[in-house]
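Okay, so here's the structure we're looking at.
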Amino acid sequence: MIKNIMICGAGLMGRGIAQVFAACEDLSITLYDVRENDTLGKIAESMKMFIERGAFLEEEAKARLSRMRFTTSLKDEGVKNADMVVEAVFEDMALKQDTFVKLEEACRTDCIFATNTSVMSPSEISAKIKHRERFVGMHFWNPAHLIPLVEVVMTDATAEEIAQQTLDILNRAGKKAVLCRKDVPGFIANRMQQALWREAASIVGRGICDAETVDIAVKYSFGLRLPQLGPCENMDMVGLDLAYNIHDYIFEYIEDSHRPAPLLAKLKEEGKLGFKSGGGFYKWTPEQQAKSHHDLSEFLLNLLFGSTEP
């Protein structure tokens, strides 16, 4: 049974993942990073919004923090005794592969290894380790402590029981864990998200409407019902004969390019990279960026825990 979890990489995602598992009273979490960055202090600060929302009391926040510890050494007892390791380092293939080679030397032979990646192949990431049967993908969505979904991705070597144990521990921690049985680029949800983004960039690039109109169209139409009504259930609801007829007519006109949109290439070449450059589809001041992040967190908190407004 999984009792000790080690998080490898204590950045934004690693800290969020630690908060997820700390919800379980019987789990002990060790966060590892090559350097100290006030990891536990930052986690304590992020927990304040849960207390303010009444998701849990301050005493519960302290209890969850007490289940976590931080280390900069792979020789630490929390590493050596880990039942499961969740890697959350940068999205760099060589770095991830080399990290797991080191972890395999430092951890027990029965330890489950999981890589948190949104696009990279877990099969490729695990290529250099010996016991690939105990390796899975574990895709948390950002912010990890707020978005319920976690995609558990089987590699070409993952044992069924390892995949099931991973699903079980995530569900026990309160996440909505789903199994992706094939290691395909984008896994499940990202494939659908990128298909939408491709069409959005195409619509703007072809002058059908501007970026703001695209966003409004999504937010105030099918985007509203997506949390309740998924695409397959929606097709069943309207009738598969109607869905077939719509697809038969419209697929000829929907963007199906296998290359990034020319508009994205142009913006990239011009150095218009979104938040990081102050402009992309929109212009972004530091204040507007902070508001966008804040509004997203507020929306997710309201969705999950309800509004604090009277």
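Every chain in the structure tokens takes a letter, A first, then B, and so on in the order presented; its residues are numbered from 1, and the ligands are numbered from 1 following the presented order.
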
* **In segment 98-291 of chain A, DSSP strand (DSSP E or B) residues written as a ChimeraX atom specification** => /A:112-115,135-140,149-154,176-180,274,279,283

* Excluding same-chain residues fewer than 2 positions from Thr117 of chain A, what lies within 9 Å of it counting only C-alpha atoms, as a VMD selection string? -> chain A and resid 87 to 91 115 119 to 122 137 to 140

* Determine, counting only C-alpha atoms, which protein, DNA and RNA residues have an atom within 10 Å of an atom of Ala94 of chain A; residues of the same chain fewer than 5 positions away are not included. Present the result as a list in words. => Thr99, Glu124 and Ile125 of chain A

N, CA and C atoms of the current selection, written as a PDB file, in the first residue's frame:
```
ATOM      1  N   THR A  99      16.898  12.101 -14.760  1.00  0.00           N
ATOM      2  CA  THR A  99      16.351  12.176 -13.405  1.00  0.00           C
ATOM      3  C   THR A  99      15.885  10.804 -12.936  1.00  0.00           C
ATOM      4  N   GLU A 124       8.927   7.117 -23.758  1.00  0.00           N
ATOM      5  CA  GLU A 124      10.265   7.615 -24.088  1.00  0.00           C
ATOM      6  C   GLU A 124      10.991   8.091 -22.832  1.00  0.00           C
ATOM      7  N   ILE A 125      10.274   8.736 -21.937  1.00  0.00           N
ATOM      8  CA  ILE A 125      10.889   9.217 -20.702  1.00  0.00           C
ATOM      9  C   ILE A 125      11.453   8.055 -19.892  1.00  0.00           C
TER      10      ILE A 125
END
```

* To do: Check the smallest atom-to-atom distance from each of A:Gly278, A:Arg225, A:Ala44, A:Asp26 to Glu59 of chain A using only C-alpha atoms, then report the winner.
  => A:Ala44

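Counting only C-alpha atoms, the residue from A:Ser118, A:Gln19, A:Gln97, A:Asn171 that sits nearest to Gln194 of chain A is A:Ser118.
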
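Using only C-alpha atoms for every distance, the candidate list A:Gln165, A:Gly54, A:Asn116, A:Leu242 yields A:Asn116 as the residue closest to Glu151 of chain A.
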
* How many Å separate atom CA of Lys80 of chain A from atom CA of Arg108 of chain A? -> 6.3 Å

* Neighbour list for Thr166 of chain A as a VMD selection string, cut-off 9 Å, only C-alpha atoms, skip fewer than 4 positions in-chain -> chain A and resid 84 112 114 136 138 152 161 to 162 170 to 171 177

* Structure fact -> atom CA of Ala63 of chain A sits from atom CA of His145 of chain A at a separation of 16.5 Å

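Compared by their closest atoms to Ala159 of chain A, and using only C-alpha atoms, the residues A:Met6, A:His131, A:Ile29, A:Pro227 rank with A:His131 nearest.
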
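Using only C-alpha atoms for every distance, the candidate list A:Gly14, A:Gly274, A:Pro143, A:Pro148 yields A:Gly14 as the residue closest to Val86 of chain A.
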
* Give me the residues within 8 Å of Phe100 of chain A as a list in words, counting only C-alpha atoms and dropping any in the same chain fewer than 5 places off. => Ser126, Lys128 and Ile129 of chain A

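Neighbours of Glu133 of chain A closer than or equal to 9 Å, with only C-alpha atoms counted and sequence neighbours fewer than 4 positions away skipped, come out as Thr155, Asp156, Ala157, Thr158, Ala159, Glu160 and Ile162 of chain A.
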
Filtering to N, CA and C atoms, could you give me those residues as a PDB file, in the first residue's frame?
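Below is the file again-v6.pdb, written as the result:
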```
ATOM      1  N   THR A 155       2.468   3.361 -20.340  1.00  0.00           N
ATOM      2  CA  THR A 155       3.505   3.283 -21.364  1.00  0.00           C
ATOM      3  C   THR A 155       3.353   1.962 -22.111  1.00  0.00           C
ATOM      4  N   ASP A 156       4.267   1.686 -22.998  1.00  0.00           N
ATOM      5  CA  ASP A 156       4.242   0.409 -23.715  1.00  0.00           C
ATOM      6  C   ASP A 156       4.681  -0.750 -22.821  1.00  0.00           C
ATOM      7  N   ALA A 157       5.016  -0.440 -21.548  1.00  0.00           N
ATOM      8  CA  ALA A 157       5.485  -1.499 -20.642  1.00  0.00           C
ATOM      9  C   ALA A 157       4.786  -1.485 -19.279  1.00  0.00           C
ATOM     10  N   THR A 158       3.915  -0.536 -19.026  1.00  0.00           N
ATOM     11  CA  THR A 158       3.289  -0.398 -17.708  1.00  0.00           C
ATOM     12  C   THR A 158       2.444  -1.614 -17.340  1.00  0.00           C
ATOM     13  N   ALA A 159       2.647  -2.128 -16.146  1.00  0.00           N
ATOM     14  CA  ALA A 159       1.836  -3.244 -15.661  1.00  0.00           C
ATOM     15  C   ALA A 159       0.458  -2.735 -15.245  1.00  0.00           C
ATOM     16  N   GLU A 160      -0.563  -3.551 -15.491  1.00  0.00           N
ATOM     17  CA  GLU A 160      -1.943  -3.170 -15.176  1.00  0.00           C
ATOM     18  C   GLU A 160      -2.101  -2.814 -13.703  1.00  0.00           C
ATOM     19  N   ILE A 162       0.056  -1.611 -11.667  1.00  0.00           N
ATOM     20  CA  ILE A 162       0.688  -0.326 -11.362  1.00  0.00           C
ATOM     21  C   ILE A 162      -0.231   0.814 -11.773  1.00  0.00           C
TER      22      ILE A 162
END
```
